[in-house]
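The next block is target.cif, given as mmCIF, C-alpha atoms and all ligand atoms.
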data_start
#
loop_
_atom_site.label_atom_id
_atom_site.label_comp_id
_atom_site.auth_asym_id
_atom_site.auth_seq_id
_atom_site.Cartn_x
_atom_site.Cartn_y
_atom_site.Cartn_z
CA MET L 651 0.00 0.00 0.00
CA ASN L 652 1.13 3.56 -0.70
CA THR L 653 2.37 5.89 1.99
CA LEU L 654 2.04 9.66 1.65
CA GLU L 655 4.10 12.51 3.06
CA THR L 656 2.92 16.06 3.61
CA GLU L 657 4.71 18.94 5.30
CA ARG L 658 3.62 17.80 8.78
CA LEU L 659 2.11 14.35 8.29
CA HIS L 660 3.09 10.81 7.40
CA LEU L 661 0.18 8.70 6.13
CA ARG L 662 0.93 5.00 6.45
CA ALA L 663 -0.74 1.61 6.94
CA PHE L 664 -2.32 0.82 10.29
CA ARG L 665 -0.61 -1.88 12.32
CA GLU L 666 -1.68 -3.90 15.34
CA THR L 667 0.60 -1.87 17.62
CA ASP L 668 -1.60 1.18 16.89
CA LEU L 669 -4.41 -0.39 18.94
CA ASP L 670 -3.75 1.46 22.22
CA ASP L 671 -3.27 4.88 20.60
CA TYR L 672 -6.17 4.48 18.19
CA ALA L 673 -8.46 3.22 20.99
CA ARG L 674 -7.51 6.29 23.07
CA ILE L 675 -8.37 8.62 20.16
CA CYS L 676 -11.73 6.88 19.62
CA ALA L 677 -12.55 6.91 23.35
CA ASN L 678 -13.14 10.67 23.25
CA PRO L 679 -16.90 11.26 22.73
CA GLU L 680 -16.21 14.55 20.93
CA VAL L 681 -14.11 12.74 18.34
CA VAL L 682 -16.64 10.02 17.53
CA ARG L 683 -19.82 12.11 17.96
CA HIS L 684 -20.43 12.35 14.21
CA VAL L 685 -18.89 9.06 13.13
CA GLY L 686 -20.86 6.59 15.26
CA ALA L 687 -20.87 5.33 18.84
CA PRO L 688 -17.62 5.28 20.86
CA PHE L 689 -15.58 2.22 20.03
CA SER L 690 -14.68 -0.39 22.64
CA ARG L 691 -11.16 -1.81 22.44
CA PRO L 692 -12.31 -5.03 20.65
CA GLU L 693 -14.34 -2.91 18.20
CA VAL L 694 -11.28 -0.76 17.53
CA TRP L 695 -9.26 -3.89 16.71
CA LEU L 696 -11.95 -4.99 14.27
CA HIS L 697 -12.02 -1.51 12.78
CA ILE L 698 -8.25 -1.63 12.15
CA ALA L 699 -8.67 -5.06 10.52
CA MET L 700 -11.45 -3.69 8.31
CA MET L 701 -9.30 -0.73 7.21
CA LEU L 702 -6.42 -3.06 6.23
CA GLY L 703 -8.82 -5.44 4.46
CA HIS L 704 -10.31 -2.53 2.56
CA TRP L 705 -6.86 -1.74 1.11
CA GLN L 706 -6.42 -5.39 0.17
CA LEU L 707 -9.76 -5.61 -1.60
CA ARG L 708 -9.99 -2.18 -3.23
CA GLY L 709 -6.41 -0.92 -3.63
CA TYR L 710 -7.21 2.16 -1.57
CA GLY L 711 -8.45 2.84 1.94
CA MET L 712 -7.71 4.61 5.21
CA TRP L 713 -4.25 5.66 6.29
CA ALA L 714 -3.01 5.95 9.83
CA VAL L 715 -1.94 9.58 10.32
CA GLU L 716 1.36 10.19 12.08
CA ASP L 717 2.69 13.52 13.24
CA ARG L 718 6.06 13.64 11.46
CA ALA L 719 7.68 15.68 14.23
CA SER L 720 6.86 13.26 17.06
CA GLY L 721 6.01 10.02 15.23
CA ALA L 722 2.77 9.85 17.23
CA LEU L 723 -0.42 8.39 15.78
CA ILE L 724 -2.92 11.26 15.65
CA GLY L 725 -5.83 9.91 13.59
CA ARG L 726 -6.95 8.48 10.29
CA ILE L 727 -7.55 9.97 6.85
CA GLY L 728 -8.47 8.22 3.65
CA PHE L 729 -11.01 6.30 1.67
CA TYR L 730 -13.99 4.15 2.48
CA GLU L 731 -16.13 2.41 -0.11
CA PRO L 732 -17.63 -0.82 1.14
CA GLU L 733 -20.12 -2.74 -1.01
CA GLY L 734 -23.32 -0.74 -1.48
CA TRP L 735 -21.77 2.60 -0.42
CA PRO L 736 -23.02 5.64 -2.39
CA GLY L 737 -19.53 6.46 -3.74
CA LEU L 738 -15.81 6.64 -3.10
CA GLU L 739 -15.75 8.45 0.22
CA LEU L 740 -12.88 10.50 1.60
CA GLY L 741 -13.03 10.83 5.40
CA TRP L 742 -10.98 12.27 8.25
CA MET L 743 -10.79 11.90 12.01
CA LEU L 744 -8.12 13.37 14.27
CA ALA L 745 -7.35 13.22 17.99
CA ARG L 746 -9.07 16.04 19.87
CA ASP L 747 -5.81 17.81 20.80
CA GLN L 748 -4.84 18.08 17.11
CA TRP L 749 -7.89 19.99 15.89
CA GLY L 750 -7.68 23.52 14.54
CA ARG L 751 -4.20 23.35 12.96
CA GLY L 752 -5.21 22.62 9.38
CA LEU L 753 -4.01 19.02 9.61
CA ALA L 754 -7.18 17.32 8.33
CA THR L 755 -7.16 19.53 5.24
CA GLU L 756 -3.43 18.97 4.70
CA GLY L 757 -3.74 15.18 4.87
CA ALA L 758 -6.96 15.01 2.86
CA ARG L 759 -5.40 17.13 0.07
CA ALA L 760 -2.65 14.53 -0.30
CA ALA L 761 -5.25 11.74 -0.28
CA LEU L 762 -7.23 13.49 -3.04
CA ALA L 763 -4.08 13.88 -5.15
CA PHE L 764 -3.41 10.15 -4.75
CA VAL L 765 -6.87 9.06 -5.81
CA PHE L 766 -7.18 11.50 -8.74
CA ALA L 767 -3.61 11.66 -10.08
CA THR L 768 -2.42 8.12 -9.29
CA LEU L 769 -5.60 6.03 -9.39
CA HIS L 770 -7.42 8.28 -11.90
CA LYS L 771 -10.75 7.91 -10.10
CA PRO L 772 -13.45 10.19 -11.53
CA HIS L 773 -15.31 11.31 -8.39
CA VAL L 774 -14.88 11.52 -4.63
CA ILE L 775 -17.58 12.16 -2.01
CA SER L 776 -17.66 12.93 1.69
CA LEU L 777 -20.73 12.04 3.77
CA ILE L 778 -21.11 14.60 6.54
CA ARG L 779 -23.78 15.15 9.15
CA PRO L 780 -25.29 18.64 8.77
CA GLU L 781 -24.23 19.71 12.28
CA ASN L 782 -20.56 18.77 11.71
CA VAL L 783 -19.45 22.27 10.72
CA ALA L 784 -15.69 21.62 11.04
CA SER L 785 -15.94 18.68 8.66
CA ILE L 786 -18.05 20.67 6.19
CA ARG L 787 -15.38 23.36 6.26
CA VAL L 788 -12.65 20.77 5.50
CA ALA L 789 -14.71 19.50 2.54
CA GLU L 790 -15.16 23.04 1.24
CA LYS L 791 -11.45 23.83 1.57
CA LEU L 792 -10.73 20.73 -0.52
CA GLY L 793 -13.02 22.08 -3.26
CA GLU L 794 -15.92 19.73 -2.52
CA ARG L 795 -19.42 21.07 -3.11
CA LEU L 796 -22.78 19.99 -1.72
CA GLN L 797 -24.22 17.48 -4.19
CA GLY L 798 -27.11 15.84 -2.35
CA HIS L 799 -28.25 13.86 0.64
CA SER L 800 -27.78 10.28 1.79
CA ARG L 801 -28.90 7.97 4.57
CA ALA L 802 -25.92 5.63 4.18
CA LEU L 803 -24.81 6.34 7.75
CA GLY L 804 -28.25 5.42 9.12
CA VAL L 805 -28.93 9.10 9.69
CA GLU L 806 -29.31 12.06 7.39
CA ALA L 807 -25.95 13.04 5.87
CA LEU L 808 -24.96 15.68 3.37
CA VAL L 809 -23.14 14.41 0.31
CA TYR L 810 -20.22 16.67 -0.54
CA GLY L 811 -18.23 15.79 -3.64
CA ILE L 812 -15.68 16.75 -6.24
CA ARG L 813 -14.98 15.46 -9.76
CA ARG L 814 -11.46 14.98 -11.07
CA GLU L 815 -11.98 17.79 -13.64
CA GLU L 816 -12.77 20.21 -10.80
CA TRP L 817 -9.81 19.12 -8.68
CA GLY L 818 -6.91 21.56 -8.57
CA THR L 819 -9.07 24.47 -9.67
CA ALA L 820 -10.44 25.13 -6.14
C1 LIG L 901 -13.34 17.25 11.29
C2 LIG L 901 -11.89 17.26 11.78
C3 LIG L 901 -11.14 16.09 11.16
C4 LIG L 901 -11.24 18.57 11.37
O1 LIG L 901 -9.85 18.50 11.68
P1 LIG L 901 -8.95 19.83 11.71
O2 LIG L 901 -7.53 19.39 11.51
O3 LIG L 901 -9.27 20.65 12.90
O4 LIG L 901 -9.45 20.57 10.38
P2 LIG L 901 -8.79 21.83 9.67
O5 LIG L 901 -8.02 22.60 10.70
O6 LIG L 901 -8.06 21.35 8.46
O7 LIG L 901 -10.06 22.66 9.19
C5 LIG L 901 -11.17 22.85 10.07
C6 LIG L 901 -11.94 24.05 9.60
O8 LIG L 901 -13.20 24.08 10.28
C7 LIG L 901 -13.32 25.31 11.00
N1 LIG L 901 -14.07 25.02 12.20
C8 LIG L 901 -13.72 24.19 13.21
N2 LIG L 901 -14.68 24.19 14.15
C9 LIG L 901 -15.65 25.02 13.71
C10 LIG L 901 -16.90 25.43 14.24
N3 LIG L 901 -17.36 24.96 15.41
N4 LIG L 901 -17.64 26.30 13.51
C11 LIG L 901 -17.21 26.76 12.31
N5 LIG L 901 -16.02 26.40 11.76
C12 LIG L 901 -15.26 25.54 12.47
C13 LIG L 901 -11.91 25.74 11.26
O9 LIG L 901 -11.83 27.12 11.54
C14 LIG L 901 -11.25 25.37 9.93
O10 LIG L 901 -11.59 26.27 8.88
P3 LIG L 901 -10.62 27.49 8.44
O11 LIG L 901 -9.33 26.87 8.02
O12 LIG L 901 -11.39 28.13 7.34
O13 LIG L 901 -10.45 28.36 9.66
C15 LIG L 901 -11.84 17.11 13.32
O14 LIG L 901 -12.63 18.12 13.88
C16 LIG L 901 -12.30 15.76 13.80
O15 LIG L 901 -11.53 14.81 13.89
N6 LIG L 901 -13.62 15.64 14.15
C17 LIG L 901 -14.16 14.39 14.67
C18 LIG L 901 -14.28 13.31 13.61
C19 LIG L 901 -15.23 13.73 12.51
O16 LIG L 901 -16.29 14.26 12.77
N7 LIG L 901 -14.81 13.45 11.26
C20 LIG L 901 -15.59 13.79 10.10
C21 LIG L 901 -16.72 12.89 9.86
S1 LIG L 901 -17.63 13.41 8.41
#

Kindly present the structure from the file in structure tokens form.
Amino acid sequence: MNTLETERLHLRAFRETDLDDYARICANPEVVRHVGAPFSRPEVWLHIAMMLGHWQLRGYGMWAVEDRASGALIGRIGFYEPEGWPGLELGWMLARDQWGRGLATEGARAALAFVFATLHKPHVISLIRPENVASIRVAEKLGERLQGHSRALGVEALVYGIRREEWGTA
């Protein structure tokens, strides 16, 4: 699987040794408020296994996000498109103490470049709950525009999206 470097981030494959750090990130209710119920430690293990399996099956998926300066795991950014999903979704989730530094946008920009320039995918979406204003702002900064609505998450979600032709012009 590909790794990506940005100015401040290293995006790499998850590994089993990430379990403690990733479980700690997911244990914060503020972090998981818009992405589902808080994960128990066994659920977090299964989630890591799913993310690695997704790469195996699709050739793209979620990266573990490391702070390059410290080497610490600080979240996940990348793609999610299980069977039946409304599109190729780009998502982001960072530890609470990392918010507000532009890191989600920085990592997601590199992920978009990978999927458009390397994989030549035509279209990327982000499913975002209407009240998740920080996430909407990240989508907008990436050049994504509101394209519709979905109930893929079991609740109402906005569908933001960007086509490859629009990418780089934002
Ligand atoms: C969404 C998330 C990844 C954003 O990470 P981040 O690194 O802080 O994002 P960025 O700094 O790149 O950009 C956030 C933008 O939202 C803005 N923002 C943050 N909170 C806001 C709020 N309450 N109201 C309005 N704007 C807000 C920031 O000002 C920034 O915009 P700006 O650059 O124009 O000032 C982070 O909040 C998170 O992990 N949330 C929990 C998981 C989650 O909900 N993921 C998305 C599921 S769709």

I'd like the neighbourhood of region 713-715 of chain L as a PyMOL selection string, where a residue qualifies if any of its atoms comes within 10 Å (using only C-alpha atoms), though same-chain residues fewer than 6 positions away should be ignored. chain L and resi 651-655+659-665+668+672+698+701-702+705+721-729+742-744+753-754+757+761

Env. residues ligand LIG 901 (chain L) / 9 Å / all atoms listed in the file / as an MDAnalysis selection string: chainID L and resid 680:685 725:727 740:746 748:758 776:779 782:791 807

Mind dumping the selected residues with C-alpha atoms as an mmCIF file, keeping the file's coordinate frame?
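Output below, filename part_16.cif:
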data_model
loop_
_atom_site.group_PDB
_atom_site.id
_atom_site.type_symbol
_atom_site.label_atom_id
_atom_site.label_comp_id
_atom_site.auth_asym_id
_atom_site.auth_seq_id
_atom_site.Cartn_x
_atom_site.Cartn_y
_atom_site.Cartn_z
ATOM 1 C CA GLU L 680 -16.210 14.550 20.930
ATOM 2 C CA VAL L 681 -14.110 12.740 18.340
ATOM 3 C CA VAL L 682 -16.640 10.020 17.530
ATOM 4 C CA ARG L 683 -19.820 12.110 17.960
ATOM 5 C CA HIS L 684 -20.430 12.350 14.210
ATOM 6 C CA VAL L 685 -18.890 9.060 13.130
ATOM 7 C CA GLY L 725 -5.830 9.910 13.590
ATOM 8 C CA ARG L 726 -6.950 8.480 10.290
ATOM 9 C CA ILE L 727 -7.550 9.970 6.850
ATOM 10 C CA LEU L 740 -12.880 10.500 1.600
ATOM 11 C CA GLY L 741 -13.030 10.830 5.400
ATOM 12 C CA TRP L 742 -10.980 12.270 8.250
ATOM 13 C CA MET L 743 -10.790 11.900 12.010
ATOM 14 C CA LEU L 744 -8.120 13.370 14.270
ATOM 15 C CA ALA L 745 -7.350 13.220 17.990
ATOM 16 C CA ARG L 746 -9.070 16.040 19.870
ATOM 17 C CA GLN L 748 -4.840 18.080 17.110
ATOM 18 C CA TRP L 749 -7.890 19.990 15.890
ATOM 19 C CA GLY L 750 -7.680 23.520 14.540
ATOM 20 C CA ARG L 751 -4.200 23.350 12.960
ATOM 21 C CA GLY L 752 -5.210 22.620 9.380
ATOM 22 C CA LEU L 753 -4.010 19.020 9.610
ATOM 23 C CA ALA L 754 -7.180 17.320 8.330
ATOM 24 C CA THR L 755 -7.160 19.530 5.240
ATOM 25 C CA GLU L 756 -3.430 18.970 4.700
ATOM 26 C CA GLY L 757 -3.740 15.180 4.870
ATOM 27 C CA ALA L 758 -6.960 15.010 2.860
ATOM 28 C CA SER L 776 -17.660 12.930 1.690
ATOM 29 C CA LEU L 777 -20.730 12.040 3.770
ATOM 30 C CA ILE L 778 -21.110 14.600 6.540
ATOM 31 C CA ARG L 779 -23.780 15.150 9.150
ATOM 32 C CA ASN L 782 -20.560 18.770 11.710
ATOM 33 C CA VAL L 783 -19.450 22.270 10.720
ATOM 34 C CA ALA L 784 -15.690 21.620 11.040
ATOM 35 C CA SER L 785 -15.940 18.680 8.660
ATOM 36 C CA ILE L 786 -18.050 20.670 6.190
ATOM 37 C CA ARG L 787 -15.380 23.360 6.260
ATOM 38 C CA VAL L 788 -12.650 20.770 5.500
ATOM 39 C CA ALA L 789 -14.710 19.500 2.540
ATOM 40 C CA GLU L 790 -15.160 23.040 1.240
ATOM 41 C CA LYS L 791 -11.450 23.830 1.570
ATOM 42 C CA ALA L 807 -25.950 13.040 5.870
#

L:Glu794, L:Glu657, L:Trp735, L:Tyr710: which is nearest Thr768 (chain L), counting all atoms listed in the file?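 So, comparing all the options, the nearest one is L:Tyr710.
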
Taking only C-alpha atoms into account, which of L:Pro679, L:Gly703, L:Gly818, L:Gly711 comes nearest Phe766 (chain L)? L:Gly818

How many Å separate CA of Glu815 (chain L) from CA of Tyr730 (chain L)?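 If I compute the distance from CA of Glu815 (chain L) to CA of Tyr730 (chain L), I get 21.2 Å.
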
Best match for closeness to Arg759 (chain L) among L:Gly793, L:Gly804, L:Pro736, L:Gly811, counting all atoms listed in the file: L:Gly793

Between CA of Glu733 (chain L) and CA of Arg691 (chain L) - distance in Å to one decimal: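 Separating CA of Arg691 (chain L) from CA of Glu733 (chain L) is a distance of 25.1 Å.
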
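Across the structure, CA of Ile775 (chain L) and CA of His799 (chain L) are spaced 11.1 Å apart.
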
Given 5 Å of margin on each side, can you work out the centre and size in Å (one decimal) of an axis-aligned box holding every listed atom of region 756-763 of chain L, as JSON?
{"center_x": -4.9, "center_y": 15.4, "center_z": -0.1, "size_x": 14.6, "size_y": 17.2, "size_z": 20.0}

Expected file for region 688-781 of chain L keeping C-alpha atoms, as an mmCIF file, in the first residue's frame:
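Final output, decode.cif:
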data_model
loop_
_atom_site.group_PDB
_atom_site.id
_atom_site.type_symbol
_atom_site.label_atom_id
_atom_site.label_comp_id
_atom_site.auth_asym_id
_atom_site.auth_seq_id
_atom_site.Cartn_x
_atom_site.Cartn_y
_atom_site.Cartn_z
ATOM 1 C CA PRO L 688 -17.621 5.284 20.860
ATOM 2 C CA PHE L 689 -15.582 2.222 20.034
ATOM 3 C CA SER L 690 -14.683 -0.394 22.637
ATOM 4 C CA ARG L 691 -11.158 -1.805 22.441
ATOM 5 C CA PRO L 692 -12.305 -5.030 20.648
ATOM 6 C CA GLU L 693 -14.340 -2.913 18.198
ATOM 7 C CA VAL L 694 -11.285 -0.756 17.530
ATOM 8 C CA TRP L 695 -9.259 -3.885 16.708
ATOM 9 C CA LEU L 696 -11.953 -4.987 14.265
ATOM 10 C CA HIS L 697 -12.019 -1.505 12.779
ATOM 11 C CA ILE L 698 -8.252 -1.634 12.151
ATOM 12 C CA ALA L 699 -8.670 -5.059 10.525
ATOM 13 C CA MET L 700 -11.450 -3.688 8.308
ATOM 14 C CA MET L 701 -9.295 -0.731 7.206
ATOM 15 C CA LEU L 702 -6.424 -3.055 6.231
ATOM 16 C CA GLY L 703 -8.818 -5.441 4.458
ATOM 17 C CA HIS L 704 -10.310 -2.527 2.556
ATOM 18 C CA TRP L 705 -6.863 -1.739 1.108
ATOM 19 C CA GLN L 706 -6.416 -5.393 0.174
ATOM 20 C CA LEU L 707 -9.762 -5.609 -1.600
ATOM 21 C CA ARG L 708 -9.988 -2.178 -3.230
ATOM 22 C CA GLY L 709 -6.413 -0.923 -3.627
ATOM 23 C CA TYR L 710 -7.207 2.165 -1.565
ATOM 24 C CA GLY L 711 -8.452 2.842 1.943
ATOM 25 C CA MET L 712 -7.709 4.610 5.213
ATOM 26 C CA TRP L 713 -4.247 5.658 6.286
ATOM 27 C CA ALA L 714 -3.009 5.955 9.834
ATOM 28 C CA VAL L 715 -1.935 9.584 10.323
ATOM 29 C CA GLU L 716 1.358 10.185 12.084
ATOM 30 C CA ASP L 717 2.689 13.516 13.241
ATOM 31 C CA ARG L 718 6.057 13.644 11.460
ATOM 32 C CA ALA L 719 7.676 15.681 14.234
ATOM 33 C CA SER L 720 6.855 13.259 17.058
ATOM 34 C CA GLY L 721 6.012 10.024 15.228
ATOM 35 C CA ALA L 722 2.768 9.851 17.234
ATOM 36 C CA LEU L 723 -0.423 8.392 15.785
ATOM 37 C CA ILE L 724 -2.922 11.258 15.645
ATOM 38 C CA GLY L 725 -5.828 9.909 13.589
ATOM 39 C CA ARG L 726 -6.952 8.481 10.292
ATOM 40 C CA ILE L 727 -7.551 9.974 6.845
ATOM 41 C CA GLY L 728 -8.472 8.225 3.646
ATOM 42 C CA PHE L 729 -11.014 6.298 1.668
ATOM 43 C CA TYR L 730 -13.995 4.146 2.482
ATOM 44 C CA GLU L 731 -16.129 2.415 -0.113
ATOM 45 C CA PRO L 732 -17.634 -0.824 1.136
ATOM 46 C CA GLU L 733 -20.122 -2.738 -1.012
ATOM 47 C CA GLY L 734 -23.319 -0.741 -1.482
ATOM 48 C CA TRP L 735 -21.773 2.597 -0.424
ATOM 49 C CA PRO L 736 -23.017 5.640 -2.387
ATOM 50 C CA GLY L 737 -19.532 6.456 -3.737
ATOM 51 C CA LEU L 738 -15.812 6.637 -3.101
ATOM 52 C CA GLU L 739 -15.754 8.448 0.218
ATOM 53 C CA LEU L 740 -12.882 10.504 1.599
ATOM 54 C CA GLY L 741 -13.025 10.834 5.400
ATOM 55 C CA TRP L 742 -10.983 12.269 8.247
ATOM 56 C CA MET L 743 -10.795 11.903 12.012
ATOM 57 C CA LEU L 744 -8.116 13.367 14.267
ATOM 58 C CA ALA L 745 -7.355 13.219 17.988
ATOM 59 C CA ARG L 746 -9.068 16.036 19.872
ATOM 60 C CA ASP L 747 -5.808 17.812 20.801
ATOM 61 C CA GLN L 748 -4.836 18.083 17.113
ATOM 62 C CA TRP L 749 -7.895 19.991 15.891
ATOM 63 C CA GLY L 750 -7.676 23.518 14.539
ATOM 64 C CA ARG L 751 -4.197 23.346 12.956
ATOM 65 C CA GLY L 752 -5.207 22.620 9.377
ATOM 66 C CA LEU L 753 -4.012 19.024 9.610
ATOM 67 C CA ALA L 754 -7.178 17.317 8.330
ATOM 68 C CA THR L 755 -7.160 19.531 5.237
ATOM 69 C CA GLU L 756 -3.426 18.970 4.705
ATOM 70 C CA GLY L 757 -3.738 15.182 4.866
ATOM 71 C CA ALA L 758 -6.956 15.008 2.858
ATOM 72 C CA ARG L 759 -5.403 17.125 0.073
ATOM 73 C CA ALA L 760 -2.650 14.531 -0.297
ATOM 74 C CA ALA L 761 -5.249 11.744 -0.285
ATOM 75 C CA LEU L 762 -7.226 13.491 -3.039
ATOM 76 C CA ALA L 763 -4.081 13.883 -5.153
ATOM 77 C CA PHE L 764 -3.413 10.147 -4.748
ATOM 78 C CA VAL L 765 -6.875 9.065 -5.813
ATOM 79 C CA PHE L 766 -7.183 11.502 -8.737
ATOM 80 C CA ALA L 767 -3.608 11.662 -10.082
ATOM 81 C CA THR L 768 -2.417 8.123 -9.294
ATOM 82 C CA LEU L 769 -5.597 6.026 -9.385
ATOM 83 C CA HIS L 770 -7.424 8.283 -11.898
ATOM 84 C CA LYS L 771 -10.746 7.912 -10.098
ATOM 85 C CA PRO L 772 -13.450 10.189 -11.526
ATOM 86 C CA HIS L 773 -15.306 11.310 -8.388
ATOM 87 C CA VAL L 774 -14.880 11.518 -4.625
ATOM 88 C CA ILE L 775 -17.578 12.158 -2.015
ATOM 89 C CA SER L 776 -17.661 12.933 1.692
ATOM 90 C CA LEU L 777 -20.731 12.044 3.773
ATOM 91 C CA ILE L 778 -21.107 14.603 6.540
ATOM 92 C CA ARG L 779 -23.775 15.148 9.149
ATOM 93 C CA PRO L 780 -25.289 18.640 8.774
ATOM 94 C CA GLU L 781 -24.226 19.707 12.282
#
